[in-house]
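> Okay, handing you the structure first.
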Amino acid sequence: MDQNQQLQLTQMKNCVQKLSSSTEKYGDPTLERFLIARSMDPNKAAKMFVSWRKWRASFVPLGVIPDSEVVDQLEAKKIYLQGLSKDGCPVMIIKASNHYPTKDLPQFKKFVVHLLDKVIASGFKGKEIGNEKLVGVLDLDQIGYKNVDARGLITGFQFLQAYYPERLKKCYILNMPWFFVSVWKMVSRFLEKATLEKIVIVSNEEEKEQFIREVGEDVLPEEFGGHAKLVAIQDVVLPPLED
């Protein structure tokens, strides 16, 4: 971190205090994510950080959302957690053909938080540093109109933007059918430029080969050109964190 960045970090901490909050329990790597997400503006980063803390306290009062609170979504077996990419980021695969839109949006939001928390935590090496990122793979193979959930997609990406800033390393979209192109255009309008720049639509063999190279054959399932088996997120047991 250069001198200017250190100054911005100090200014952000002061702004957080002025907003009657505290950065005491959080390391610099965590705070830097909020600064980057707000274009290194200490005031805007502080407001985002305080808003995140308030949201976290009200939405996840226990610190985690256990499997028992999102059983129906887990039983659909649509989220898979595959280990670490070549860059050391946890790889989450979403099988859209196993997803159906729900009318219970608050419950779906719980599920989004549950899976994002668990995926990110799977990248901790003993304890959280604060700058861990994830790789998402959205597989649209064999989806029909009944699986299309623009609201669900927007909710997921907006949660990443608002409450998990700079946690997304990259998101690959595979097997996009023609009818989904218009859906994606609509979803894209709700995404920030920085988020859109991390999304790759894999549409030809060359792009697929690059996707395999970047993520790694060891964690990708055979259907994506890798050697691994799909592992449902609920079947992954995370080791306890160090004190």
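Identifiers in this document derive from the order of the structure tokens: chains are assigned A, B, ..., residues are numbered from 1 separately in each chain, and ligands are numbered from 1 in order of occurrence.
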From a backbone DSSP assignment, name each residue in region 23-157 of chain A labelled strand (DSSP E), as a ChimeraX atom specification.

/A:79-84,90-95,134-139

> Residues of region 16-186 of chain A in helix (DSSP H, G or I) according to DSSP, as a count of residues only?

83

> Could you list, with a cut-off of 12 Å and counting only C-alpha atoms, the residues of region 61-88 of chain A near region 135-157 of chain A, each shown with its nearest atom pair and the distance in Å rounded to one decimal, rows sorted by chain and ascending number, as a tab-separated table?


```
residue	atom	partner	partner_atom	distance
A:Lys78	CA	A:Asp139	CA	9.9
A:Ile79	CA	A:Leu138	CA	9.6
A:Tyr80	CA	A:Val137	CA	9.6
A:Leu81	CA	A:Gly136	CA	9.7
A:Gln82	CA	A:Val135	CA	10.2
A:Gly83	CA	A:Val135	CA	10.3
A:Leu84	CA	A:Val135	CA	8.8
A:Ser85	CA	A:Val135	CA	7.7
A:Lys86	CA	A:Val135	CA	10.6
A:Asp87	CA	A:Val135	CA	9.6
A:Gly88	CA	A:Val135	CA	9.6
```

> If you take only C-alpha atoms and a cut-off of 12 Å, which residues of region 40-86 of chain A touch region 99-105 of chain A, and what are their nearest atom pairs and distances in Å to one decimal, in chain and number order, as a tab-separated table?


```
residue	atom	partner	partner_atom	distance
A:Val70	CA	A:Asp104	CA	11.7
A:Asp72	CA	A:Thr102	CA	10.7
A:Gln73	CA	A:His99	CA	8.4
A:Leu74	CA	A:His99	CA	10.3
A:Glu75	CA	A:His99	CA	10.5
A:Ala76	CA	A:His99	CA	7.0
A:Lys77	CA	A:His99	CA	8.5
A:Lys78	CA	A:His99	CA	6.3
A:Ile79	CA	A:His99	CA	9.4
```

> What would the file look like if the residues just selected were written as an mmCIF file, in the first residue's frame with N, CA, C and O atoms?


```cif
data_model
loop_
_atom_site.group_PDB
_atom_site.id
_atom_site.type_symbol
_atom_site.label_atom_id
_atom_site.label_comp_id
_atom_site.auth_asym_id
_atom_site.auth_seq_id
_atom_site.Cartn_x
_atom_site.Cartn_y
_atom_site.Cartn_z
ATOM 1 N N VAL A 70 -32.407 -22.582 5.269
ATOM 2 C CA VAL A 70 -32.532 -22.493 3.808
ATOM 3 C C VAL A 70 -32.628 -23.898 3.185
ATOM 4 O O VAL A 70 -32.123 -24.152 2.095
ATOM 5 N N ASP A 72 -35.058 -25.709 1.776
ATOM 6 C CA ASP A 72 -35.710 -25.892 0.472
ATOM 7 C C ASP A 72 -34.786 -25.520 -0.684
ATOM 8 O O ASP A 72 -34.717 -26.226 -1.704
ATOM 9 N N GLN A 73 -34.083 -24.405 -0.540
ATOM 10 C CA GLN A 73 -33.171 -23.972 -1.601
ATOM 11 C C GLN A 73 -31.997 -24.932 -1.747
ATOM 12 O O GLN A 73 -31.563 -25.240 -2.858
ATOM 13 N N LEU A 74 -31.492 -25.439 -0.623
ATOM 14 C CA LEU A 74 -30.367 -26.377 -0.680
ATOM 15 C C LEU A 74 -30.767 -27.703 -1.317
ATOM 16 O O LEU A 74 -29.992 -28.304 -2.070
ATOM 17 N N GLU A 75 -31.983 -28.145 -1.029
ATOM 18 C CA GLU A 75 -32.438 -29.442 -1.551
ATOM 19 C C GLU A 75 -32.532 -29.456 -3.078
ATOM 20 O O GLU A 75 -32.489 -30.519 -3.695
ATOM 21 N N ALA A 76 -32.642 -28.277 -3.683
ATOM 22 C CA ALA A 76 -32.724 -28.196 -5.146
ATOM 23 C C ALA A 76 -31.389 -28.558 -5.802
ATOM 24 O O ALA A 76 -31.330 -28.821 -7.003
ATOM 25 N N LYS A 77 -30.325 -28.588 -5.005
ATOM 26 C CA LYS A 77 -28.973 -28.911 -5.497
ATOM 27 C C LYS A 77 -28.628 -28.092 -6.745
ATOM 28 O O LYS A 77 -28.355 -28.633 -7.815
ATOM 29 N N LYS A 78 -28.618 -26.782 -6.552
ATOM 30 C CA LYS A 78 -28.288 -25.888 -7.672
ATOM 31 C C LYS A 78 -26.965 -25.156 -7.465
ATOM 32 O O LYS A 78 -26.436 -24.556 -8.387
ATOM 33 N N ILE A 79 -26.416 -25.217 -6.235
ATOM 34 C CA ILE A 79 -25.147 -24.555 -5.936
ATOM 35 C C ILE A 79 -24.099 -25.592 -5.566
ATOM 36 O O ILE A 79 -24.329 -26.443 -4.707
#
```

> Of the candidates A:Val71, A:Leu9, A:Val60, A:Val231, which one gets nearest to Asp41 (chain A) if we count only C-alpha atoms?

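Of A:Val71, A:Leu9, A:Val60, A:Val231, the one nearest Asp41 (chain A) is A:Leu9, counting only C-alpha atoms.
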
> Pick from A:Val50, A:Ala194, A:Leu134, A:Leu19: nearest to Tyr163 (chain A), with only C-alpha atoms counted?

A:Val50

> List every residue of region 136-215 of chain A that has an atom at most 10 Å from any atom of region 24-36 of chain A, and for each one report the closest atom pair and its distance in Å to one decimal, counting only C-alpha atoms, with rows sorted by chain and then by increasing residue number, as a Markdown table.


```
| residue | atom | partner | partner_atom | distance |
| --- | --- | --- | --- | --- |
| A:Ala162 | CA | A:Phe34 | CA | 9.6 |
| A:Tyr163 | CA | A:Phe34 | CA | 9.5 |
| A:Tyr164 | CA | A:Arg33 | CA | 8.7 |
| A:Pro165 | CA | A:Arg33 | CA | 6.0 |
| A:Glu166 | CA | A:Arg33 | CA | 5.5 |
| A:Arg167 | CA | A:Arg33 | CA | 8.0 |
```

> Between CA of Asn131 (chain A) and CA of Ile201 (chain A), what is the spacing in Å?

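Computing the Euclidean distance for CA of Ile201 (chain A) and CA of Asn131 (chain A) yields 25.0 Å.
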
> Excluding same-chain residues fewer than 4 positions from region 114-119 of chain A, what lies within 9 Å of it counting only C-alpha atoms, as a VMD selection string?

chain A and resid 64 to 67 70 79 81 90 to 92 109 to 110 123 134 160 164 233 238

> Can you work out which one of A:Thr10, A:Ser22, A:Ser122, A:Ser97 has the shortest atom-to-atom distance to Pro239 (chain A), counting only C-alpha atoms?

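Of the candidates, the smallest distance to Pro239 (chain A) is held by A:Ser122.
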
> With only C-alpha atoms as the atoms that count, which of A:Ser68, A:Phe49, A:Leu7, A:Trp184 lies nearest to Thr23 (chain A)?

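Checking each candidate against Thr23 (chain A), we get A:Phe49 as the closest.
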
> Check the smallest atom-to-atom distance from each of A:Ala121, A:Phe111, A:Glu242, A:Ile93 to Pro221 (chain A) using only C-alpha atoms, then report the winner.

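With only C-alpha atoms as the atom set, the closest residue is A:Ile93.
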
> As number ranges by chain, please: the residues near Arg53 (chain A) (cut-off 9 Å, only C-alpha atoms, same-chain neighbours under 5 positions excluded).

A: 21, 48, 58, 163

> Would you save the residues of that selection, restricted to N, CA and C atoms, as a PDB file, in the first residue's frame?


```pdb
ATOM      1  N   SER A  21     -19.661   4.870  14.298  1.00  0.00           N
ATOM      2  CA  SER A  21     -19.391   3.444  14.139  1.00  0.00           C
ATOM      3  C   SER A  21     -17.908   3.208  14.396  1.00  0.00           C
ATOM      4  N   MET A  48     -20.553   3.414   3.062  1.00  0.00           N
ATOM      5  CA  MET A  48     -20.851   2.058   2.608  1.00  0.00           C
ATOM      6  C   MET A  48     -20.531   1.042   3.694  1.00  0.00           C
ATOM      7  N   SER A  58     -28.560  -6.631  11.408  1.00  0.00           N
ATOM      8  CA  SER A  58     -30.006  -6.879  11.385  1.00  0.00           C
ATOM      9  C   SER A  58     -30.371  -8.135  10.585  1.00  0.00           C
ATOM     10  N   TYR A 163     -23.096  -5.469  -0.358  1.00  0.00           N
ATOM     11  CA  TYR A 163     -22.713  -6.072   0.921  1.00  0.00           C
ATOM     12  C   TYR A 163     -21.464  -6.945   0.856  1.00  0.00           C
TER      13      TYR A 163
END
```

> One number please: CA of Glu197 (chain A) to CA of Leu168 (chain A), in Å, one decimal.

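Separation between CA of Glu197 (chain A) and CA of Leu168 (chain A): 10.7 Å.
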
> By how many Å are CA of Phe124 (chain A) and CA of Gln161 (chain A) apart?

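Going from CA of Phe124 (chain A) over to CA of Gln161 (chain A), I get 20.6 Å.
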